[in-house]
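A.B. asks: Got run-v8.tsv for you, TSV, C-alpha atoms and all ligand atoms:
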chain	number	residue	atom	x	y	z
A	1	MET	CA	15.63	-22.13	-25.37
A	2	ASP	CA	16.97	-19.07	-23.58
A	3	LEU	CA	13.99	-16.83	-22.89
A	4	PRO	CA	14.23	-13.31	-21.51
A	5	PRO	CA	12.93	-12.98	-17.94
A	6	ALA	CA	9.13	-12.78	-17.68
A	7	ILE	CA	9.47	-9.97	-15.15
A	8	GLU	CA	12.41	-7.68	-14.50
A	9	THR	CA	12.31	-4.52	-12.40
A	10	HIS	CA	14.97	-2.11	-11.18
A	11	GLY	CA	14.55	0.22	-8.24
A	12	LEU	CA	10.77	0.19	-8.36
A	13	SER	CA	9.30	2.60	-5.80
A	14	LYS	CA	5.80	3.72	-5.07
A	15	ARG	CA	4.95	6.52	-2.70
A	16	TYR	CA	1.34	7.26	-1.87
A	17	LYS	CA	0.45	10.40	0.09
A	18	SER	CA	0.19	8.49	3.33
A	19	ALA	CA	2.46	5.49	2.70
A	20	HIS	CA	5.67	4.42	1.05
A	21	ALA	CA	4.42	1.17	-0.48
A	22	LEU	CA	7.59	0.13	-2.37
A	23	ARG	CA	11.17	1.20	-1.77
A	24	GLY	CA	13.43	0.16	-4.62
A	25	LEU	CA	12.24	-3.25	-5.73
A	26	ASP	CA	14.57	-5.30	-7.93
A	27	LEU	CA	12.81	-8.38	-9.25
A	28	ARG	CA	13.90	-10.97	-11.77
A	29	VAL	CA	11.46	-13.75	-12.56
A	30	PRO	CA	12.63	-16.33	-15.10
A	31	ALA	CA	10.16	-17.26	-17.84
A	32	GLY	CA	8.59	-20.66	-17.22
A	33	SER	CA	8.86	-20.42	-13.45
A	34	ILE	CA	6.47	-20.07	-10.53
A	35	TYR	CA	7.37	-17.17	-8.25
A	36	GLY	CA	5.69	-16.73	-4.87
A	37	LEU	CA	5.70	-13.31	-3.22
A	38	VAL	CA	5.03	-13.35	0.52
A	39	GLY	CA	4.87	-10.61	3.10
A	40	ARG	CA	2.83	-9.28	5.98
A	41	ASN	CA	-0.26	-7.11	5.48
A	42	GLY	CA	0.76	-3.84	3.89
A	43	ALA	CA	4.17	-5.14	2.75
A	44	GLY	CA	3.54	-3.96	-0.82
A	45	LYS	CA	2.47	-7.16	-2.60
A	46	THR	CA	-0.70	-5.79	-4.20
A	47	THR	CA	1.10	-2.60	-5.21
A	48	THR	CA	3.83	-4.69	-6.87
A	49	ILE	CA	1.32	-6.74	-8.85
A	50	LYS	CA	-0.68	-3.68	-9.88
A	51	ILE	CA	2.48	-1.93	-11.09
A	52	LEU	CA	3.48	-5.01	-13.10
A	53	MET	CA	0.01	-5.05	-14.64
A	54	GLY	CA	0.26	-1.34	-15.48
A	55	LEU	CA	-2.68	-0.45	-13.22
A	56	VAL	CA	-0.56	1.68	-10.88
A	57	HIS	CA	2.34	3.86	-11.99
A	58	PRO	CA	5.56	3.64	-10.01
A	59	THR	CA	6.93	6.85	-8.49
A	60	SER	CA	10.38	5.82	-9.74
A	61	GLY	CA	12.18	2.82	-11.15
A	62	GLU	CA	11.58	0.80	-14.28
A	63	GLY	CA	10.61	-2.64	-15.37
A	64	ARG	CA	9.66	-5.00	-18.14
A	65	VAL	CA	6.94	-7.62	-18.13
A	66	VAL	CA	7.01	-10.28	-20.85
A	67	GLY	CA	9.52	-8.02	-22.61
A	68	TYR	CA	7.33	-4.88	-22.57
A	69	ARG	CA	8.04	-1.71	-20.64
A	70	ILE	CA	5.70	-1.02	-17.74
A	71	ASP	CA	6.11	2.76	-18.13
A	72	ASP	CA	4.99	2.80	-21.77
A	73	VAL	CA	1.27	3.19	-22.51
A	74	ALA	CA	1.23	1.02	-25.65
A	75	ASP	CA	3.44	-1.61	-24.01
A	76	GLY	CA	1.11	-1.57	-21.00
A	77	ARG	CA	-1.74	-2.61	-23.29
A	78	ARG	CA	0.40	-5.43	-24.69
A	79	ILE	CA	1.23	-6.59	-21.16
A	80	ARG	CA	-2.45	-6.68	-20.22
A	81	ARG	CA	-3.34	-8.51	-23.43
A	82	GLY	CA	-0.88	-11.34	-22.76
A	83	THR	CA	-1.36	-11.55	-19.00
A	84	ALA	CA	-4.11	-13.14	-16.97
A	85	TYR	CA	-4.64	-11.06	-13.85
A	86	VAL	CA	-6.49	-12.03	-10.72
A	87	GLY	CA	-6.69	-8.95	-8.53
A	88	GLU	CA	-8.24	-8.12	-5.21
A	89	ASP	CA	-11.64	-7.34	-6.65
A	90	ARG	CA	-13.39	-10.54	-7.64
A	91	ALA	CA	-16.94	-9.22	-7.68
A	92	MET	CA	-16.69	-8.75	-11.46
A	93	TRP	CA	-19.99	-8.68	-13.31
A	94	PRO	CA	-22.22	-9.32	-10.28
A	95	ASP	CA	-25.40	-9.56	-12.36
A	96	MET	CA	-24.11	-12.13	-14.82
A	97	THR	CA	-24.09	-15.91	-14.64
A	98	VAL	CA	-21.00	-18.04	-15.23
A	99	SER	CA	-22.05	-18.96	-18.76
A	100	GLU	CA	-22.74	-15.32	-19.61
A	101	VAL	CA	-19.29	-14.26	-18.37
A	102	LEU	CA	-17.66	-17.06	-20.33
A	103	ALA	CA	-19.58	-16.18	-23.50
A	104	VAL	CA	-18.35	-12.59	-23.22
A	105	SER	CA	-14.76	-13.57	-22.36
A	106	ARG	CA	-13.98	-16.27	-24.94
A	107	PRO	CA	-14.00	-14.11	-28.09
A	108	PHE	CA	-11.41	-11.74	-26.62
A	109	PHE	CA	-8.77	-14.44	-26.32
A	110	PRO	CA	-7.73	-16.38	-29.43
A	111	ARG	CA	-5.93	-19.00	-27.32
A	112	TRP	CA	-8.90	-19.65	-25.05
A	113	ARG	CA	-9.01	-23.30	-23.88
A	114	THR	CA	-12.60	-24.52	-23.69
A	115	ASP	CA	-11.32	-27.92	-22.53
A	116	LEU	CA	-9.64	-26.33	-19.49
A	117	GLU	CA	-12.63	-24.08	-18.91
A	118	ARG	CA	-14.94	-27.11	-18.64
A	119	GLU	CA	-12.48	-29.12	-16.58
A	120	TYR	CA	-11.83	-26.38	-14.01
A	121	LEU	CA	-15.46	-25.28	-13.73
A	122	GLU	CA	-16.07	-28.80	-12.49
A	123	ALA	CA	-12.88	-29.29	-10.47
A	124	PHE	CA	-13.29	-25.95	-8.68
A	125	GLU	CA	-17.00	-26.68	-8.07
A	126	ILE	CA	-18.25	-23.42	-9.56
A	127	PRO	CA	-21.98	-22.91	-8.92
A	128	GLN	CA	-23.14	-22.44	-12.48
A	129	GLN	CA	-26.74	-21.30	-11.96
A	130	LYS	CA	-26.10	-18.45	-9.52
A	131	ARG	CA	-25.26	-14.89	-10.51
A	132	ILE	CA	-21.66	-13.96	-9.68
A	133	GLY	CA	-22.84	-11.37	-7.15
A	134	ARG	CA	-24.33	-14.20	-5.08
A	135	PHE	CA	-21.12	-16.23	-5.04
A	136	SER	CA	-19.27	-16.90	-1.81
A	137	LYS	CA	-15.81	-15.33	-1.49
A	138	GLY	CA	-14.22	-18.70	-2.27
A	139	ALA	CA	-16.36	-19.29	-5.35
A	140	ARG	CA	-15.34	-15.87	-6.68
A	141	SER	CA	-11.66	-16.73	-6.29
A	142	ALA	CA	-12.20	-20.12	-7.87
A	143	PHE	CA	-14.06	-18.67	-10.84
A	144	ALA	CA	-11.41	-15.98	-11.32
A	145	MET	CA	-8.88	-18.83	-11.51
A	146	VAL	CA	-10.95	-20.66	-14.15
A	147	LEU	CA	-10.91	-17.50	-16.28
A	148	ALA	CA	-7.17	-17.03	-15.74
A	149	LEU	CA	-6.27	-20.64	-16.54
A	150	ALA	CA	-8.47	-20.90	-19.64
A	151	ARG	CA	-7.17	-17.71	-21.27
A	152	GLY	CA	-4.04	-19.22	-22.77
A	153	ALA	CA	-1.92	-16.42	-21.28
A	154	ASP	CA	1.89	-16.45	-21.07
A	155	LEU	CA	1.88	-14.85	-17.64
A	156	LEU	CA	-0.45	-15.25	-14.68
A	157	LEU	CA	-0.29	-12.35	-12.20
A	158	LEU	CA	-2.27	-13.51	-9.20
A	159	ASP	CA	-2.93	-11.52	-6.05
A	160	GLU	CA	-3.71	-14.06	-3.33
A	161	PRO	CA	-5.38	-16.47	-5.73
A	162	THR	CA	-6.44	-18.94	-3.04
A	163	GLU	CA	-8.03	-16.37	-0.76
A	164	GLY	CA	-11.28	-17.69	0.67
A	165	LEU	CA	-10.85	-21.21	-0.74
A	166	ASP	CA	-11.32	-24.27	1.46
A	167	PRO	CA	-8.32	-26.65	1.77
A	168	ILE	CA	-9.61	-29.01	-0.92
A	169	LEU	CA	-10.02	-26.23	-3.45
A	170	VAL	CA	-6.67	-24.68	-2.45
A	171	GLU	CA	-5.07	-27.99	-3.34
A	172	ARG	CA	-6.88	-28.22	-6.68
A	173	VAL	CA	-5.93	-24.68	-7.62
A	174	LEU	CA	-2.28	-25.28	-6.71
A	175	GLN	CA	-2.25	-28.47	-8.77
A	176	ALA	CA	-3.81	-26.61	-11.70
A	177	LEU	CA	-1.05	-23.98	-11.55
A	178	VAL	CA	1.71	-26.58	-11.47
A	179	ARG	CA	0.12	-28.40	-14.36
A	180	ALA	CA	-0.35	-25.20	-16.38
A	181	VAL	CA	3.38	-24.45	-16.11
A	182	ALA	CA	4.31	-28.06	-16.90
A	183	ASP	CA	2.10	-28.01	-20.02
A	184	ASN	CA	3.39	-24.67	-21.31
A	185	PRO	CA	7.15	-24.14	-21.00
A	186	VAL	CA	6.87	-20.38	-21.52
A	187	LEU	CA	4.11	-19.82	-18.96
A	188	THR	CA	5.16	-17.91	-15.86
A	189	VAL	CA	3.12	-17.67	-12.67
A	190	PHE	CA	3.73	-14.77	-10.27
A	191	PHE	CA	1.51	-14.91	-7.21
A	192	SER	CA	1.22	-13.37	-3.79
A	193	SER	CA	0.17	-15.31	-0.75
A	194	HIS	CA	-0.09	-15.26	3.01
A	195	ARG	CA	0.10	-19.02	3.17
A	196	LEU	CA	3.73	-20.01	3.28
A	197	PHE	CA	2.95	-23.70	2.82
A	198	GLU	CA	1.42	-23.12	-0.59
A	199	VAL	CA	4.38	-21.07	-1.75
A	200	GLU	CA	6.70	-23.77	-0.48
A	201	ARG	CA	4.62	-26.37	-2.25
A	202	ILE	CA	4.55	-24.96	-5.77
A	203	ALA	CA	6.99	-22.06	-6.17
A	204	ASP	CA	10.40	-22.38	-7.82
A	205	ARG	CA	11.45	-19.09	-6.36
A	206	VAL	CA	10.24	-17.03	-3.44
A	207	GLY	CA	10.46	-13.37	-2.50
A	208	ILE	CA	9.83	-12.01	0.99
A	209	LEU	CA	8.63	-8.44	0.83
A	210	HIS	CA	8.67	-6.31	3.95
A	211	ASP	CA	7.87	-2.63	4.17
A	212	GLY	CA	8.35	-2.23	0.43
A	213	ARG	CA	11.73	-4.00	0.33
A	214	LEU	CA	12.66	-7.49	-0.80
A	215	LEU	CA	14.37	-9.05	2.22
A	216	PHE	CA	14.80	-12.46	0.63
A	217	ASP	CA	14.78	-13.62	-2.98
A	218	ASP	CA	16.01	-17.09	-3.78
A	219	SER	CA	15.06	-20.44	-5.26
A	220	LEU	CA	13.35	-22.93	-3.00
A	221	ASP	CA	15.88	-25.58	-4.04
A	222	GLU	CA	18.61	-23.30	-2.76
A	223	LEU	CA	16.64	-22.71	0.42
A	224	LYS	CA	16.34	-26.44	1.01
A	225	THR	CA	19.93	-27.32	0.22
A	226	ALA	CA	22.06	-24.34	1.19
A	227	TYR	CA	20.20	-22.64	4.04
A	228	LYS	CA	20.70	-24.06	7.53
A	229	ARG	CA	20.03	-23.10	11.08
A	230	VAL	CA	23.14	-23.55	13.21
A	231	VAL	CA	22.38	-23.87	16.92
A	232	ALA	CA	25.37	-23.63	19.25
A	233	THR	CA	25.37	-23.97	23.05
A	234	PHE	CA	28.12	-22.50	25.21
A	235	ASP	CA	29.00	-22.63	28.91
A	236	ASP	CA	28.48	-18.88	29.13
A	237	ALA	CA	26.94	-16.20	26.91
A	238	PRO	CA	27.64	-16.99	23.23
A	239	PRO	CA	30.38	-14.86	21.61
A	240	ASP	CA	29.02	-11.93	19.62
A	241	ALA	CA	31.62	-12.51	16.90
A	242	LEU	CA	29.53	-15.42	15.58
A	243	ARG	CA	26.82	-13.00	14.47
A	244	THR	CA	29.06	-11.41	11.86
A	245	LEU	CA	30.59	-14.54	10.32
A	246	ALA	CA	30.34	-14.78	6.53
A	247	GLY	CA	27.08	-16.46	5.55
A	248	VAL	CA	25.14	-15.56	8.70
A	249	LEU	CA	21.88	-13.85	7.79
A	250	HIS	CA	20.33	-13.55	11.18
A	251	ALA	CA	21.30	-14.37	14.75
A	252	ARG	CA	19.26	-14.75	17.89
A	253	ALA	CA	20.83	-15.49	21.28
A	254	GLU	CA	18.98	-16.80	24.29
A	255	GLY	CA	20.88	-17.52	27.47
A	256	ARG	CA	23.81	-19.76	26.62
A	257	MET	CA	22.48	-20.66	23.19
A	258	ILE	CA	22.75	-18.90	19.86
A	259	SER	CA	20.74	-19.68	16.73
A	260	LEU	CA	22.31	-18.59	13.45
A	261	LEU	CA	20.44	-18.62	10.16
A	262	ALA	CA	23.01	-19.17	7.44
A	263	SER	CA	22.77	-19.16	3.66
A	264	ARG	CA	26.31	-20.44	3.02
A	265	HIS	CA	29.64	-21.33	4.70
A	266	VAL	CA	27.70	-23.55	7.13
A	267	ASP	CA	30.69	-25.83	7.75
A	268	ASP	CA	32.87	-22.82	8.59
A	269	ILE	CA	30.23	-21.45	10.96
A	270	VAL	CA	30.00	-24.81	12.74
A	271	ALA	CA	33.81	-25.03	12.96
A	272	GLU	CA	34.11	-21.45	14.23
A	273	SER	CA	31.44	-22.07	16.88
A	274	ARG	CA	33.42	-25.08	18.11
A	275	ALA	CA	36.70	-23.16	17.99
A	276	ARG	CA	35.11	-20.50	20.18
A	277	GLY	CA	34.16	-23.05	22.83
A	278	ALA	CA	30.69	-24.29	21.91
A	279	ARG	CA	29.78	-27.41	23.83
A	280	GLN	CA	27.33	-28.57	21.23
A	281	VAL	CA	26.71	-27.44	17.66
A	282	ASP	CA	24.01	-28.71	15.33
A	283	ALA	CA	22.97	-27.65	11.82
A	284	PHE	CA	19.29	-28.09	10.93
A	285	PRO	CA	17.43	-27.72	7.63
A	286	VAL	CA	15.14	-24.69	7.49
A	287	SER	CA	11.66	-24.13	6.14
A	288	LEU	CA	10.27	-21.06	4.43
A	289	ASN	CA	8.46	-20.35	7.69
A	290	ASP	CA	11.84	-20.17	9.50
A	291	ILE	CA	13.19	-17.80	6.90
A	292	PHE	CA	10.06	-15.67	7.03
A	293	LEU	CA	10.04	-15.40	10.81
A	294	ASP	CA	13.74	-14.59	10.83
A	295	ALA	CA	13.42	-12.02	8.07
A	296	VAL	CA	10.37	-10.14	9.27
A	297	GLY	CA	9.32	-11.64	12.59
A	298	ASP	CA	10.99	-9.23	14.97
A	299	ARG	CA	11.13	-6.16	12.79
A	300	VAL	CA	9.05	-3.28	13.96
A	301	ASP	CA	9.90	-0.77	11.20
A	401	LIG	P1	-2.14	-7.16	2.15
A	401	LIG	O1	-1.41	-8.44	2.41
A	401	LIG	O2	-2.81	-6.62	3.38
A	401	LIG	O3	-3.06	-7.21	0.96
A	401	LIG	P2	-0.05	-5.86	0.59
A	401	LIG	O4	1.27	-6.50	0.87
A	401	LIG	O5	-0.76	-6.27	-0.64
A	401	LIG	O6	-1.01	-6.02	1.85
A	401	LIG	P3	-0.31	-3.14	-0.41
A	401	LIG	O7	-1.79	-3.24	-0.59
A	401	LIG	O8	0.53	-3.13	-1.62
A	401	LIG	O9	0.21	-4.27	0.59
A	401	LIG	O10	-0.04	-1.81	0.44
A	401	LIG	C1	1.27	-1.35	0.74
A	401	LIG	C2	1.14	-0.03	1.48
A	401	LIG	O11	0.61	0.98	0.60
A	401	LIG	C3	0.19	-0.06	2.68
A	401	LIG	O12	0.71	0.78	3.67
A	401	LIG	C4	-1.10	0.50	2.10
A	401	LIG	O13	-1.87	1.10	3.13
A	401	LIG	C5	-0.57	1.51	1.11
A	401	LIG	N1	-1.50	1.72	-0.03
A	401	LIG	C6	-1.87	0.80	-0.93
A	401	LIG	N2	-2.71	1.33	-1.85
A	401	LIG	C7	-2.86	2.64	-1.51
A	401	LIG	C8	-3.60	3.74	-2.08
A	401	LIG	N3	-4.31	3.59	-3.17
A	401	LIG	N4	-3.51	4.93	-1.45
A	401	LIG	C9	-2.76	5.09	-0.33
A	401	LIG	N5	-2.03	4.09	0.25
A	401	LIG	C10	-2.08	2.89	-0.34
Mind converting the file's structure to structure tokens?
C.D. replies:
Amino acid sequence: MDLPPAIETHGLSKRYKSAHALRGLDLRVPAGSIYGLVGRNGAGKTTTIKILMGLVHPTSGEGRVVGYRIDDVADGRRIRRGTAYVGEDRAMWPDMTVSEVLAVSRPFFPRWRTDLEREYLEAFEIPQQKRIGRFSKGARSAFAMVLALARGADLLLLDEPTEGLDPILVERVLQALVRAVADNPVLTVFFSSHRLFEVERIADRVGILHDGRLLFDDSLDELKTAYKRVVATFDDAPPDALRTLAGVLHARAEGRMISLLASRHVDDIVAESRARGARQVDAFPVSLNDIFLDAVGDRVD
């Protein structure tokens, strides 16, 4: 089955009066995948998710979500109907109890899964007697995830879904997301996170957003197999020419050593380092954390 991408954007930009939140975002998220969007505070993650959900209008650019145009009012309604959204504000219905919220929510969604609702209320340890307004931050996130998972949506748009959760509940929520995608081949999960480990754990594809631009967008399989850190030590200062070899994404020299983050041509980079007099050259696997620090760590823009 060849499905159209769940999310596709071209040149998406958003300028607020005081900030340029997005600067030409091109996204392509395959249907049936889990996509993790990471970035520092203010990188533009929430703006991206709100634009995809049709809650914020882009200044320029275009996009489609589950096949519908984000700049069309009627399509926007269709996007919101088929998408479960967990946004920043989780204080929804502060005066209602869990069962009251569920009773109101179920009739709206014909594909509502009462089995999942029951299962996740228990697994996420939702306090069922309290009013939502009295929930802890973590309980609000967890309950928002119950609602999102039980809806029977084809797309989950989640803005920091594990915010405030303790490590046990983080794990249960991540497992629930993986299972949801495994159980429904057309379900796509697009989520933002500050926790690189959770993106690395469940995402098929990851995007690193920085200052409104996507600095990295690749599959985690590719990251694990193709990306390497090449560390070369010389007798003197490392030659600058290594920085511009094909495949080198980022270079950092310290004393007689140079560290090159490479996405391809690793063997050539190793050979070239040797040819230019390196005493020792090693190629190491990289983690998402390495990529993140290299991509945004020393940028001050
Ligand atoms: P965080 O990780 O802190 O939640 P983020 O990556 O989600 O950050 P956004 O909330 O999308 O980032 O913000 C991107 C930029 O746009 C920031 O500079 C922010 O201050 C600005 N911004 C966001 N919303 C508005 C708004 N409604 N009005 C003005 N500026 C805004």
A.B. asks: Which of these, A:Ser192, A:Thr83, A:Ser105, A:Thr162, has the shortest distance to ligand LIG 401 (chain A) once you count all atoms listed in the file?
C.D. replies: A:Ser192
A.B. asks: Taking the point (15.5, -22.5, -3.7) as given in the file, collect each protein or nucleic acid residue that comes within 12 Å of it, counting all atoms listed in the file, and present the set as an MDAnalysis selection string.
C.D. replies: chainID A and resid 33:36 199:207 216:227 263 286:288 291
A.B. asks: Can you measure atom O10 of ligand LIG 401 (chain A) to CA of Arg40 in chain A for me? One decimal in Å is fine.
C.D. replies: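 Pair atom O10 of ligand LIG 401 (chain A) / CA of Arg40 in chain A returns 9.7 Å.
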A.B. asks: Within 9 Å of ligand LIG 401 (chain A), counting all atoms listed in the file: which residues, as a VMD selection string?
C.D. replies: chain A and resid 14 to 22 38 to 50 56 88 159 to 160 192 to 194 209 to 212
A.B. asks: Between CA of Asp95 in chain A and CA of Met145 in chain A, what is the spacing in Å?
C.D. replies: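 Answer for the CA of Met145 in chain A to CA of Asp95 in chain A separation: 19.0 Å.
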A.B. asks: Between A:Arg106, A:Val101, A:Arg195, A:Arg213, which residue has the minimum interatomic distance to Leu27 in chain A, considering only C-alpha atoms?
C.D. replies: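 So, comparing all the options, the nearest one is A:Arg213.
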A.B. asks: In terms of the shortest atom-to-atom distance over only C-alpha atoms, which of A:Ile208, A:Ala153, A:Val189, A:Leu215 is closest to Ala84 in chain A?
C.D. replies: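 Comparing A:Ile208, A:Ala153, A:Val189, A:Leu215 against Ala84 in chain A, the winner is A:Ala153.
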A.B. asks: What lies within 8 Å of range 234-236 of chain A using only C-alpha atoms, ignoring chain neighbours under 2 positions off, as a PDB file with C-alpha atoms, in the coordinates of the input?
C.D. replies:
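The resulting file, out21.pdb, is reproduced below:
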ATOM      1  CA  ALA A 232      25.370 -23.630  19.250  1.00  0.00           C
ATOM      2  CA  PRO A 238      27.640 -16.990  23.230  1.00  0.00           C
ATOM      3  CA  GLY A 255      20.880 -17.520  27.470  1.00  0.00           C
ATOM      4  CA  ARG A 256      23.810 -19.760  26.620  1.00  0.00           C
ATOM      5  CA  MET A 257      22.480 -20.660  23.190  1.00  0.00           C
ATOM      6  CA  GLY A 277      34.160 -23.050  22.830  1.00  0.00           C
ATOM      7  CA  ALA A 278      30.690 -24.290  21.910  1.00  0.00           C
ATOM      8  CA  ARG A 279      29.780 -27.410  23.830  1.00  0.00           C
ATOM      9  CA  GLN A 280      27.330 -28.570  21.230  1.00  0.00           C
TER      10      GLN A 280
END
A.B. asks: Find the residue from A:Leu158, A:Ile51, A:Leu260, A:Leu149 that sits nearest to Val281 in chain A; use all atoms listed in the file when measuring.
C.D. replies: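 Going through A:Leu158, A:Ile51, A:Leu260, A:Leu149 one by one, the smallest distance to Val281 in chain A is for A:Leu260.
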A.B. asks: Identify, on the basis of all atoms listed in the file, every residue whose closest approach to Arg69 in chain A does not exceed 10 Å; exclude the query and any residue fewer than 3 positions from it along the same chain; express the result as number ranges by chain.
C.D. replies: A: 8-9, 52, 54, 62-66, 72-76, 78-79
A.B. asks: So how far away is CA of Arg81 in chain A from CA of Ala148 in chain A, in Å?
C.D. replies: 12.1 Å
A.B. asks: Please identify all polymer residues lying at most 9 Å from the point (-18.7, -10.7, -8.9) (file coordinates), using only C-alpha atoms, and present the result as a list in words.
C.D. replies: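 Result, sorted by chain then residue number: Asp89, Arg90, Ala91, Met92, Trp93, Pro94, Asp95, Met96, Arg131, Ile132, Gly133, Arg134, Phe135 and Arg140 of chain A.
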A.B. asks: Taking all atoms listed in the file into account, name the residue in A:Asp26, A:Asp154, A:Glu119, A:Glu163 that is nearest to Leu214 in chain A.
C.D. replies: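 Of all the options, A:Asp26 lies closest to Leu214 in chain A.
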A.B. asks: Hey, which of A:Leu25, A:Leu147, A:Ala271, A:Ala182 ends up closest to Gly11 in chain A? Count all atoms listed in the file.
C.D. replies: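 Comparing A:Leu25, A:Leu147, A:Ala271, A:Ala182 against Gly11 in chain A, the winner is A:Leu25.
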A.B. asks: Would you kindly return, as a ChimeraX atom specification, each protein, DNA or RNA residue with an atom no farther than 12 Å from any atom of Leu242 in chain A, considering all atoms listed in the file and excluding same-chain residues fewer than 5 positions away?
C.D. replies: /A:230-232,237,247-253,257-262,266,268-278
